[in-house]
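Colleague: Hey, dropping target_30.cif in here, mmCIF, C-alpha atoms:
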data_model
loop_
_atom_site.label_atom_id
_atom_site.label_comp_id
_atom_site.auth_asym_id
_atom_site.auth_seq_id
_atom_site.Cartn_x
_atom_site.Cartn_y
_atom_site.Cartn_z
CA MET A 1 0.00 0.00 0.00
CA MET A 2 1.01 3.66 -0.27
CA LYS A 3 2.84 4.66 2.90
CA THR A 4 0.70 7.79 3.18
CA THR A 5 -2.65 6.01 2.86
CA LEU A 6 -4.80 6.43 5.97
CA SER A 7 -4.47 3.53 8.42
CA GLN A 8 -5.30 2.99 12.06
CA PHE A 9 -3.79 0.99 14.90
CA MET A 10 -5.41 1.01 18.33
CA LEU A 11 -4.50 -1.61 20.90
CA ARG A 12 -6.94 -0.39 23.57
CA THR A 13 -6.72 -3.34 25.95
CA GLY A 14 -4.38 -3.30 28.94
CA ILE A 15 -2.37 -6.53 29.03
CA TYR A 16 -1.17 -8.34 32.15
CA SER A 17 0.95 -11.44 31.54
CA GLY A 18 2.51 -14.08 33.73
CA SER A 19 1.98 -17.16 35.83
CA ASN A 20 -0.85 -16.63 38.36
CA SER A 21 -1.65 -13.19 36.90
CA ARG A 22 -5.33 -14.10 37.30
CA ALA A 23 -4.92 -13.12 40.97
CA MET A 24 -5.08 -9.48 39.85
CA VAL A 25 -8.66 -9.72 38.56
CA PRO A 26 -10.56 -8.31 41.59
CA SER A 27 -8.21 -5.34 41.97
CA LEU A 28 -8.35 -4.60 38.24
CA PHE A 29 -12.15 -4.68 38.34
CA ALA A 30 -12.05 -2.30 41.34
CA GLY A 31 -9.92 0.07 39.31
CA LEU A 32 -12.49 -0.06 36.52
CA GLY A 33 -15.28 0.84 38.95
CA ALA A 34 -16.96 -2.57 38.89
CA LYS A 35 -19.21 -3.70 41.75
CA ARG A 36 -21.14 -6.74 40.50
CA VAL A 37 -19.17 -9.13 38.29
CA LEU A 38 -20.66 -11.85 36.07
CA LEU A 39 -18.23 -14.63 35.10
CA LEU A 40 -18.93 -16.27 31.72
CA SER A 41 -17.29 -19.51 30.59
CA ASP A 42 -18.28 -22.98 29.35
CA ARG A 43 -19.02 -26.40 30.77
CA GLY A 44 -15.76 -27.91 29.55
CA LEU A 45 -13.73 -25.37 31.50
CA GLU A 46 -15.97 -25.88 34.52
CA LYS A 47 -15.22 -29.61 34.37
CA ALA A 48 -11.49 -28.92 33.95
CA GLY A 49 -11.49 -26.82 37.13
CA ILE A 50 -10.56 -23.59 35.38
CA VAL A 51 -13.77 -21.77 36.34
CA ASP A 52 -13.17 -22.55 40.01
CA LYS A 53 -9.55 -21.39 39.80
CA VAL A 54 -10.79 -17.97 38.70
CA SER A 55 -14.00 -17.64 40.73
CA SER A 56 -12.25 -18.63 43.96
CA ILE A 57 -10.09 -15.50 43.73
CA PHE A 58 -13.13 -13.41 44.66
CA GLU A 59 -13.63 -15.50 47.81
CA LEU A 60 -9.99 -15.05 48.79
CA THR A 61 -10.27 -11.27 48.52
CA GLY A 62 -13.07 -11.19 51.08
CA HIS A 63 -16.57 -9.76 51.03
CA GLY A 64 -15.89 -6.12 51.75
CA SER A 65 -16.56 -3.13 49.55
CA GLY A 66 -14.68 -4.55 46.55
CA PRO A 67 -16.16 -6.17 43.46
CA GLN A 68 -18.35 -9.21 44.14
CA LEU A 69 -18.99 -12.20 41.89
CA VAL A 70 -22.78 -12.21 41.52
CA GLY A 71 -23.16 -15.12 39.11
CA THR A 72 -21.63 -17.51 36.60
CA TYR A 73 -23.00 -18.28 33.15
CA LEU A 74 -21.54 -21.47 31.67
CA ASP A 75 -23.87 -22.51 28.85
CA ILE A 76 -21.74 -21.15 26.01
CA ALA A 77 -21.55 -23.28 22.87
CA GLN A 78 -19.04 -23.52 20.03
CA ASP A 79 -18.92 -20.56 17.62
CA ALA A 80 -20.50 -17.99 19.97
CA GLU A 81 -24.06 -18.88 19.04
CA SER A 82 -26.49 -15.97 19.14
CA ARG A 83 -28.93 -17.93 21.32
CA CYS A 84 -26.23 -18.23 24.01
CA ILE A 85 -25.57 -14.50 23.86
CA ASN A 86 -29.27 -13.70 24.22
CA ASP A 87 -29.62 -16.11 27.15
CA ALA A 88 -26.54 -14.66 28.87
CA VAL A 89 -27.87 -11.13 28.40
CA ARG A 90 -31.10 -12.11 30.16
CA TYR A 91 -29.12 -13.68 33.00
CA ALA A 92 -26.84 -10.64 33.34
CA ARG A 93 -29.89 -8.42 33.76
CA GLU A 94 -31.50 -10.84 36.25
CA VAL A 95 -28.46 -10.80 38.58
CA GLY A 96 -27.85 -7.07 38.14
CA ALA A 97 -24.32 -7.48 36.77
CA ASP A 98 -22.47 -4.26 35.96
CA SER A 99 -19.29 -5.91 34.66
CA LEU A 100 -18.20 -8.97 32.68
CA LEU A 101 -15.40 -11.50 33.18
CA ALA A 102 -14.75 -13.78 30.18
CA VAL A 103 -12.80 -16.99 30.84
CA GLY A 104 -12.28 -19.29 27.87
CA GLY A 105 -11.37 -19.73 24.25
CA GLY A 106 -12.57 -17.76 21.27
CA SER A 107 -16.21 -18.83 21.51
CA VAL A 108 -16.46 -17.60 25.11
CA LEU A 109 -14.56 -14.39 24.44
CA ASP A 110 -16.69 -13.54 21.41
CA THR A 111 -19.89 -14.41 23.26
CA VAL A 112 -19.01 -11.97 26.01
CA LYS A 113 -18.33 -9.24 23.45
CA GLY A 114 -21.82 -9.88 22.09
CA VAL A 115 -23.29 -9.73 25.61
CA LYS A 116 -21.47 -6.47 26.27
CA TYR A 117 -22.72 -4.93 23.03
CA ALA A 118 -26.33 -6.07 23.62
CA LEU A 119 -26.34 -4.71 27.18
CA HIS A 120 -24.93 -1.40 25.99
CA LYS A 121 -27.49 -1.05 23.20
CA GLY A 122 -30.45 -2.39 25.20
CA LEU A 123 -30.94 -5.37 22.88
CA THR A 124 -32.67 -8.67 23.71
CA ASP A 125 -31.61 -10.36 20.46
CA ILE A 126 -28.05 -9.81 19.23
CA LYS A 127 -29.14 -10.78 15.70
CA GLU A 128 -30.96 -7.43 15.48
CA ALA A 129 -27.57 -5.70 15.45
CA ILE A 130 -26.26 -7.69 12.47
CA PRO A 131 -29.13 -8.33 10.05
CA GLY A 132 -26.88 -8.33 6.97
CA GLY A 133 -24.06 -10.34 8.53
CA LEU A 134 -21.69 -7.42 9.17
CA LEU A 135 -21.91 -4.43 11.51
CA TYR A 136 -18.91 -2.14 11.05
CA GLU A 137 -18.89 0.81 13.44
CA GLN A 138 -16.16 3.44 13.58
CA PHE A 139 -15.93 6.94 15.00
CA PRO A 140 -18.11 8.92 15.55
CA LYS A 141 -20.90 6.31 15.52
CA ALA A 142 -18.88 3.98 17.71
CA ASN A 143 -18.64 5.23 21.27
CA TYR A 144 -17.15 4.06 24.53
CA ILE A 145 -18.97 1.15 26.18
CA PRO A 146 -18.91 1.81 29.96
CA ILE A 147 -19.20 -1.83 31.06
CA PRO A 148 -16.03 -3.03 32.85
CA HIS A 149 -14.78 -6.05 30.91
CA ILE A 150 -11.85 -8.35 31.62
CA ALA A 151 -10.93 -11.33 29.42
CA ILE A 152 -8.80 -14.35 30.34
CA PRO A 153 -8.00 -16.51 27.29
CA THR A 154 -7.54 -20.22 27.98
CA THR A 155 -6.34 -20.97 24.44
CA ALA A 156 -3.63 -19.32 22.37
CA GLY A 157 -5.45 -18.87 19.10
CA THR A 158 -8.12 -16.27 18.45
CA GLY A 159 -6.62 -13.39 20.41
CA SER A 160 -10.23 -12.30 20.82
CA GLU A 161 -9.44 -10.70 24.17
CA VAL A 162 -7.91 -7.71 22.38
CA SER A 163 -9.50 -7.65 18.93
CA PRO A 164 -12.24 -5.17 17.95
CA ILE A 165 -14.11 -8.00 16.20
CA ALA A 166 -16.80 -10.34 17.54
CA VAL A 167 -17.64 -13.34 15.35
CA ILE A 168 -21.16 -14.53 16.18
CA PHE A 169 -22.96 -17.55 14.72
CA ASN A 170 -26.48 -16.85 13.45
CA GLU A 171 -28.30 -20.17 13.65
CA ASP A 172 -31.26 -18.93 11.59
CA ILE A 173 -29.18 -18.37 8.46
CA GLN A 174 -26.28 -20.75 9.28
CA MET A 175 -23.72 -17.97 8.94
CA LYS A 176 -20.89 -16.50 11.00
CA THR A 177 -21.60 -12.79 11.35
CA ASN A 178 -19.33 -9.97 12.54
CA ILE A 179 -19.53 -6.95 14.78
CA ILE A 180 -16.52 -4.66 14.39
CA ASN A 181 -16.33 -1.86 16.95
CA PRO A 182 -13.22 -0.27 18.53
CA PHE A 183 -14.71 -0.52 22.05
CA ILE A 184 -16.04 -4.08 21.99
CA ASN A 185 -12.79 -5.69 23.14
CA ALA A 186 -11.89 -6.16 26.81
CA ASP A 187 -10.56 -3.31 28.93
CA MET A 188 -8.00 -5.69 30.43
CA ALA A 189 -6.58 -9.01 29.20
CA ILE A 190 -4.99 -11.49 31.61
CA LEU A 191 -2.52 -13.86 29.91
CA ASP A 192 -2.00 -16.55 32.55
CA PRO A 193 -0.18 -19.59 31.10
CA ASP A 194 -1.20 -21.72 34.12
CA LEU A 195 -4.77 -21.79 32.75
CA THR A 196 -3.66 -23.28 29.41
CA VAL A 197 -1.50 -26.20 30.56
CA GLY A 198 -4.38 -28.69 30.52
CA LEU A 199 -5.34 -27.91 26.94
CA PRO A 200 -5.28 -31.15 24.90
CA PRO A 201 -2.52 -31.39 22.25
CA VAL A 202 -4.89 -31.30 19.27
CA ILE A 203 -6.64 -28.16 20.54
CA THR A 204 -3.27 -26.59 21.31
CA ALA A 205 -2.27 -27.38 17.73
CA PHE A 206 -5.24 -26.00 15.86
CA THR A 207 -5.66 -22.91 18.02
CA GLY A 208 -1.97 -22.23 17.37
CA PHE A 209 -2.65 -22.49 13.64
CA ASP A 210 -5.49 -19.99 14.03
CA ALA A 211 -2.98 -17.51 15.44
CA LEU A 212 -0.50 -18.37 12.67
CA THR A 213 -3.18 -17.77 10.04
CA HIS A 214 -4.02 -14.38 11.56
CA ALA A 215 -0.38 -13.38 11.34
CA ILE A 216 0.19 -14.64 7.79
CA GLU A 217 -3.00 -13.09 6.42
CA ALA A 218 -2.07 -9.81 8.13
CA LEU A 219 1.42 -9.89 6.63
CA ALA A 220 0.03 -10.57 3.15
CA SER A 221 -2.68 -7.93 3.38
CA PRO A 222 -2.59 -5.16 0.76
CA THR A 223 -3.25 -2.71 3.61
CA ALA A 224 -0.50 -3.94 5.95
CA THR A 225 1.63 -1.30 7.69
CA GLY A 226 4.92 -1.30 9.53
CA LEU A 227 3.02 -1.63 12.81
CA THR A 228 1.00 -4.65 11.70
CA ASP A 229 4.03 -6.27 10.06
CA ALA A 230 5.99 -5.98 13.32
CA CYS A 231 3.28 -7.83 15.25
CA ALA A 232 2.69 -10.38 12.49
CA LEU A 233 6.32 -11.32 11.94
CA HIS A 234 7.15 -11.82 15.60
CA ALA A 235 3.96 -13.79 16.15
CA ILE A 236 5.05 -16.14 13.34
CA ARG A 237 8.51 -16.53 14.88
CA LEU A 238 7.08 -17.38 18.30
CA ILE A 239 4.57 -19.89 16.90
CA GLU A 240 7.14 -21.65 14.72
CA LYS A 241 9.42 -22.05 17.74
CA ASN A 242 6.90 -22.81 20.50
CA LEU A 243 3.88 -24.60 19.01
CA PRO A 244 5.61 -28.00 18.60
CA VAL A 245 7.00 -27.64 22.14
CA ALA A 246 3.59 -26.91 23.70
CA VAL A 247 1.94 -29.75 21.77
CA GLU A 248 4.62 -32.17 22.93
CA ASP A 249 4.78 -30.87 26.52
CA GLY A 250 1.60 -29.09 27.59
CA GLY A 251 3.13 -28.17 30.92
CA ASN A 252 5.90 -26.04 29.42
CA LEU A 253 4.92 -22.65 30.83
CA ASN A 254 7.46 -20.70 28.78
CA ALA A 255 6.09 -22.09 25.52
CA ARG A 256 2.52 -21.52 26.69
CA MET A 257 3.31 -17.91 27.59
CA ASP A 258 4.98 -17.21 24.26
CA LEU A 259 1.99 -18.66 22.40
CA LEU A 260 -0.48 -16.50 24.35
CA GLN A 261 1.49 -13.41 23.42
CA ALA A 262 1.85 -14.59 19.81
CA SER A 263 -1.90 -15.08 19.63
CA LEU A 264 -2.46 -11.54 20.86
CA MET A 265 0.04 -10.10 18.38
CA GLY A 266 -1.37 -12.15 15.52
CA ILE A 267 -4.94 -10.89 15.96
CA THR A 268 -3.71 -7.33 16.48
CA ALA A 269 -1.93 -7.43 13.13
CA PHE A 270 -4.94 -9.11 11.51
CA SER A 271 -7.48 -6.63 12.91
CA PHE A 272 -5.64 -3.53 11.70
CA ALA A 273 -4.40 -4.86 8.36
CA LEU A 274 -7.87 -6.29 7.67
CA ASN A 275 -8.44 -6.67 3.95
CA ALA A 276 -7.82 -9.83 1.91
CA ILE A 277 -8.49 -12.82 4.20
CA PRO A 278 -9.38 -15.77 1.92
CA VAL A 279 -8.31 -18.41 4.47
CA HIS A 280 -10.66 -16.99 7.09
CA ASN A 281 -13.36 -16.53 4.46
CA LEU A 282 -13.29 -20.26 3.72
CA ALA A 283 -12.91 -21.27 7.37
CA HIS A 284 -15.96 -19.21 8.37
CA ALA A 285 -18.14 -20.77 5.66
CA TYR A 286 -17.04 -24.37 6.27
CA GLY A 287 -17.25 -23.86 10.01
CA ALA A 288 -20.83 -22.60 9.77
CA LEU A 289 -21.93 -25.40 7.43
CA PHE A 290 -20.15 -28.36 8.98
CA ARG A 291 -19.34 -27.08 12.51
CA ILE A 292 -15.62 -27.56 11.96
CA PRO A 293 -13.65 -25.83 14.76
CA HIS A 294 -12.34 -22.54 13.43
CA GLY A 295 -8.66 -23.18 14.15
CA LEU A 296 -8.79 -26.60 12.51
CA ALA A 297 -10.45 -25.14 9.41
CA ASN A 298 -7.74 -22.47 9.17
CA ALA A 299 -5.00 -25.08 9.59
CA VAL A 300 -6.31 -27.15 6.69
CA PHE A 301 -6.98 -24.23 4.37
CA LEU A 302 -3.80 -22.19 4.98
CA PRO A 303 -1.25 -24.06 2.80
CA VAL A 304 -3.86 -24.82 0.11
CA VAL A 305 -4.89 -21.18 -0.27
CA MET A 306 -1.26 -20.04 -0.31
CA GLU A 307 -0.64 -22.47 -3.16
CA LEU A 308 -3.70 -21.52 -5.20
CA VAL A 309 -3.67 -17.76 -4.53
CA PRO A 310 0.10 -17.11 -4.69
CA GLN A 311 -0.20 -13.48 -5.81
CA LEU A 312 -1.22 -12.47 -2.29
CA TYR A 313 1.85 -13.95 -0.63
CA LEU A 314 4.68 -13.48 -3.13
CA PRO A 315 5.49 -9.85 -2.15
CA LYS A 316 6.25 -10.93 1.45
CA ALA A 317 7.61 -14.42 0.70
CA ALA A 318 11.17 -13.64 1.81
CA GLU A 319 10.10 -12.03 5.11
CA LEU A 320 7.69 -14.88 5.78
CA ALA A 321 10.44 -17.41 5.12
CA GLN A 322 12.78 -15.69 7.54
CA ALA A 323 10.13 -15.65 10.28
CA LEU A 324 9.47 -19.37 9.72
CA ASP A 325 13.21 -20.13 9.84
CA VAL A 326 13.37 -21.18 6.17
CA ASP A 327 16.54 -20.52 4.19
CA VAL A 328 15.61 -18.88 0.88
CA LYS A 329 18.84 -17.03 0.12
CA ASP A 330 19.12 -16.27 -3.63
CA ASP A 331 15.72 -17.92 -4.29
CA THR A 332 13.09 -16.33 -6.50
CA PRO A 333 9.90 -15.22 -4.71
CA GLU A 334 8.13 -18.21 -6.28
CA ASN A 335 10.70 -20.69 -4.93
CA ALA A 336 10.71 -18.95 -1.56
CA LEU A 337 6.93 -19.23 -1.33
CA ALA A 338 7.06 -22.92 -2.27
CA LYS A 339 9.54 -23.54 0.58
CA VAL A 340 7.34 -21.56 2.99
CA ILE A 341 4.30 -23.66 2.09
CA GLY A 342 6.41 -26.79 2.56
CA LYS A 343 7.42 -25.60 6.03
CA ILE A 344 3.79 -24.90 6.97
CA ARG A 345 2.78 -28.39 5.84
CA LEU A 346 5.64 -29.84 7.87
CA LEU A 347 4.52 -27.87 10.94
CA GLN A 348 0.94 -29.01 10.36
CA GLN A 349 2.08 -32.63 10.26
CA SER A 350 4.46 -32.33 13.21
CA VAL A 351 1.70 -31.12 15.54
CA GLY A 352 -0.66 -33.88 14.44
CA LEU A 353 -3.16 -31.91 12.36
CA PRO A 354 -4.91 -33.33 9.28
CA ALA A 355 -4.31 -31.96 5.79
CA ASP A 356 -7.98 -32.28 4.81
CA PHE A 357 -11.54 -32.66 6.14
CA LYS A 358 -11.88 -36.36 5.43
CA GLN A 359 -13.09 -36.99 8.98
CA TYR A 360 -16.18 -34.81 8.40
CA HIS A 361 -17.53 -37.00 5.56
CA ILE A 362 -18.59 -34.04 3.41
CA SER A 363 -20.73 -35.17 0.47
CA GLU A 364 -20.43 -33.87 -3.08
CA GLU A 365 -23.76 -32.08 -2.69
CA ALA A 366 -22.65 -30.44 0.56
CA LEU A 367 -19.36 -29.42 -1.04
CA ALA A 368 -21.26 -27.62 -3.82
CA ALA A 369 -23.14 -25.65 -1.14
CA THR A 370 -19.85 -24.21 0.11
CA ILE A 371 -19.49 -22.02 -2.99
CA PRO A 372 -22.40 -19.64 -2.25
CA ALA A 373 -21.58 -19.82 1.48
CA VAL A 374 -18.03 -18.59 0.86
CA MET A 375 -19.24 -15.88 -1.52
CA LYS A 376 -21.80 -14.43 0.91
CA ASP A 377 -19.56 -14.51 3.99
CA PRO A 378 -18.68 -10.96 5.23
CA ALA A 379 -14.98 -11.79 4.78
CA ALA A 380 -15.53 -11.95 1.01
CA LEU A 381 -16.26 -8.22 0.74
CA SER A 382 -12.63 -7.12 0.39
CA PHE A 383 -11.35 -10.12 -1.58
CA PRO A 384 -14.11 -11.95 -3.47
CA MET A 385 -13.07 -15.29 -4.89
CA PRO A 386 -14.60 -16.64 -8.11
CA PRO A 387 -16.67 -19.84 -7.90
CA GLU A 388 -14.03 -21.79 -9.86
CA LEU A 389 -11.34 -20.96 -7.29
CA ILE A 390 -13.60 -21.81 -4.34
CA ALA A 391 -14.43 -25.14 -6.01
CA ALA A 392 -10.76 -25.90 -6.70
CA ILE A 393 -9.83 -25.24 -3.06
CA GLY A 394 -12.76 -27.37 -1.90
CA GLN A 395 -11.66 -30.30 -4.01
CA ARG A 396 -8.23 -30.14 -2.39
CA VAL A 397 -9.56 -30.25 1.18
CA VAL A 398 -12.37 -32.75 0.58
CA PRO A 399 -10.56 -35.46 -1.42
CA VAL A 400 -13.05 -38.23 -0.76
CA THR A 401 -16.79 -37.70 -0.94
CA VAL A 402 -19.38 -39.88 0.72
CA LYS A 403 -22.87 -39.98 -0.73
#
Give the structure from the file, written as structure tokens.
Modeller:
Amino acid sequence: MMKTTLSQFMLRTGIYSGSNSRAMVPSLFAGLGAKRVLLLSDRGLEKAGIVDKVSSIFELTGHGSGPQLVGTYLDIAQDAESRCINDAVRYAREVGADSLLAVGGGSVLDTVKGVKYALHKGLTDIKEAIPGGLLYEQFPKANYIPIPHIAIPTTAGTGSEVSPIAVIFNEDIQMKTNIINPFINADMAILDPDLTVGLPPVITAFTGFDALTHAIEALASPTATGLTDACALHAIRLIEKNLPVAVEDGGNLNARMDLLQASLMGITAFSFALNAIPVHNLAHAYGALFRIPHGLANAVFLPVVMELVPQLYLPKAAELAQALDVDVKDDTPENALAKVIGKIRLLQQSVGLPADFKQYHISEEALAATIPAVMKDPAALSFPMPPELIAAIGQRVVPVTVK
């Protein structure tokens, strides 16, 4: 892009990192003026003991004049379903919550953003805010949302704790919709690696690939800047070095910490270089149709899209290679990109991820339905792909059809 073209970069969230940093939550809420905190998470994290590790902090800080935990909402489903948001909004009003604590992966973090937005706007149905699939609010229409909001990610993937984007699944139209607003992200993010050590290897792997995809799509974006490139490139370096370590040894706190910070940097680059995102476009559509976890969908699509849409990645092939620790000295951009794709496939294989969606038994008829789904997804607005390209990518990731 032209260096003088208008761009923006606003990392609004305060970030606290480190082992046991979750202990700061009550005092941070006090600083934000919170009195009645609602904790939102999911049943899996309740079962894993993570919810108790966070909620118990409020008991340890006593029952004085500080913030009190007035309720927990744990019925959050995959993909931040709109029905969960609406239900959580009702519950938040019932218990008189004035602040929100999100503890979980991307689905939980995005759900809480939706709850925050609905409470601020007085909505009972979040779908009313996004009838066309995309709500994009900037200044002056966007304004500060005075609901204290702290997010604790338990996966290193979406980086949703700091991004100005909430991805919300609309069950009625089977589509992932987006709210983009500079005040929807958390006021404070707590990156506590202790809360990620129990994450299973396969989830560690595909959430890591979600972060990697954010960083690579940001780097390749036609509207990338020096600020977004800085975040993207170092996120890629950290993921290349630490993802295999964390998959192999989930208790490695240093690797877990680096991946949490890489996730945050990856989404920051992605959010403010936002333009051509064909990998996410495909992942959103397939995820909505077949309920494929978002990180897994990105992991499968990433090397395929880079191969079939090389023009996006060639200008940054050398920088990408360096970040991925690939030697491309004296190589042409085309050869450098081929080596980069090879390294990504090797990383994919080394962390135990599949190269296709064979396990989902997608039929030929269902595969054909992905073409209009990809074309209508909000991510297609900046970089529409022709039906022939969508079909070609689909045939690569669904090699065997079952009728």
Colleague: Evaluating the PyMOL selection byres ((chain A and resi 139) around 12) on the displayed file yields which residues, as a ChimeraX atom specification?
Modeller: /A:8,136-138,140-144,180-183
Colleague: Report, in Å to a single decimal, how far apart CA of Leu100 (chain A) and CA of Phe29 (chain A) are.
Modeller: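 CA of Phe29 (chain A) sits 9.3 Å away from CA of Leu100 (chain A).
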Colleague: A:Leu233, A:Ile390, A:Ala166, A:Cys84: which is nearest Asp110 (chain A), counting all atoms listed in the file?
Modeller: A:Ala166
Colleague: Written as a PyMOL selection string, what is the full residue list that the PyMOL selection byres ((chain A and resi 311) around 12) yields on the file shown?
Modeller: chain A and resi 220-222+276+305-310+312-317+333-334+337
Colleague: Pull C-alpha atoms from the residues just selected and write them as a short mmCIF file (atom, residue, chain, number, x, y, z; two decimals), in the frame of the given file.
Modeller:
data_model
loop_
_atom_site.label_atom_id
_atom_site.label_comp_id
_atom_site.auth_asym_id
_atom_site.auth_seq_id
_atom_site.Cartn_x
_atom_site.Cartn_y
_atom_site.Cartn_z
CA ALA A 220 0.03 -10.57 3.15
CA SER A 221 -2.68 -7.93 3.38
CA PRO A 222 -2.59 -5.16 0.76
CA ALA A 276 -7.82 -9.83 1.91
CA VAL A 305 -4.89 -21.18 -0.27
CA MET A 306 -1.26 -20.04 -0.31
CA GLU A 307 -0.64 -22.47 -3.16
CA LEU A 308 -3.70 -21.52 -5.20
CA VAL A 309 -3.67 -17.76 -4.53
CA PRO A 310 0.10 -17.11 -4.69
CA LEU A 312 -1.22 -12.47 -2.29
CA TYR A 313 1.85 -13.95 -0.63
CA LEU A 314 4.68 -13.48 -3.13
CA PRO A 315 5.49 -9.85 -2.15
CA LYS A 316 6.25 -10.93 1.45
CA ALA A 317 7.61 -14.42 0.70
CA PRO A 333 9.90 -15.22 -4.71
CA GLU A 334 8.13 -18.21 -6.28
CA LEU A 337 6.93 -19.23 -1.33
#
Colleague: List as an MDAnalysis selection string the residues having at least one atom at most 6 Å from position (-1.9, -22.9, 16.7) as given in the file, counting only C-alpha atoms.
Modeller: chainID A and resid 157 205:211
Colleague: Now that the selection is made, can you save its residues with C-alpha atoms as a compact mmCIF listing (two decimals), in the coordinates of the input?
Modeller:
# COMPACT_ATOMS: atom_id res chain seq x y z
CA GLY A 157 -5.45 -18.87 19.10
CA ALA A 205 -2.27 -27.38 17.73
CA PHE A 206 -5.24 -26.00 15.86
CA THR A 207 -5.66 -22.91 18.02
CA GLY A 208 -1.97 -22.23 17.37
CA PHE A 209 -2.65 -22.49 13.64
CA ASP A 210 -5.49 -19.99 14.03
CA ALA A 211 -2.98 -17.51 15.44
Colleague: Report as a list in words the residues that result from applying the PyMOL selection byres ((chain A and resi 39) around 7) to the structure here.
Modeller: Val37, Leu38, Leu40, Ser41, Gly71, Thr72, Tyr73, Leu100, Leu101 and Ala102 of chain A
Colleague: Restricting the calculation to only C-alpha atoms, which member of A:Val304, A:Leu259, A:Leu324, A:Ile152 is positioned closest to Ala23 (chain A)?
Modeller: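 Ranked by minimum distance to Ala23 (chain A), first place goes to A:Ile152.
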Colleague: Could you check how far CA of Leu296 (chain A) sits from CA of His361 (chain A), in Å to one decimal?
Modeller: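 We find that CA of Leu296 (chain A) and CA of His361 (chain A) lie 15.3 Å from each other.
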Colleague: Taking the point (-19.9, -22.8, -9.6) as given in the file, collect each protein or nucleic acid residue that comes within 9 Å of it, counting all atoms listed in the file, and present the set as a PDB file with C-alpha atoms, in the frame of the given file.
Modeller:
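Saved the output as out_3.pdb:
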ATOM      1  CA  ALA A 368     -21.260 -27.620  -3.820  1.00  0.00           C
ATOM      2  CA  ILE A 371     -19.490 -22.020  -2.990  1.00  0.00           C
ATOM      3  CA  PRO A 372     -22.400 -19.640  -2.250  1.00  0.00           C
ATOM      4  CA  PRO A 386     -14.600 -16.640  -8.110  1.00  0.00           C
ATOM      5  CA  PRO A 387     -16.670 -19.840  -7.900  1.00  0.00           C
ATOM      6  CA  GLU A 388     -14.030 -21.790  -9.860  1.00  0.00           C
ATOM      7  CA  ILE A 390     -13.600 -21.810  -4.340  1.00  0.00           C
ATOM      8  CA  ALA A 391     -14.430 -25.140  -6.010  1.00  0.00           C
TER       9      ALA A 391
END
Colleague: In Å, rounded to a single decimal, give me how far CA of Asp356 (chain A) is from CA of Ala373 (chain A).
Modeller: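 Separation of CA of Ala373 (chain A) and CA of Asp356 (chain A): 18.7 Å.
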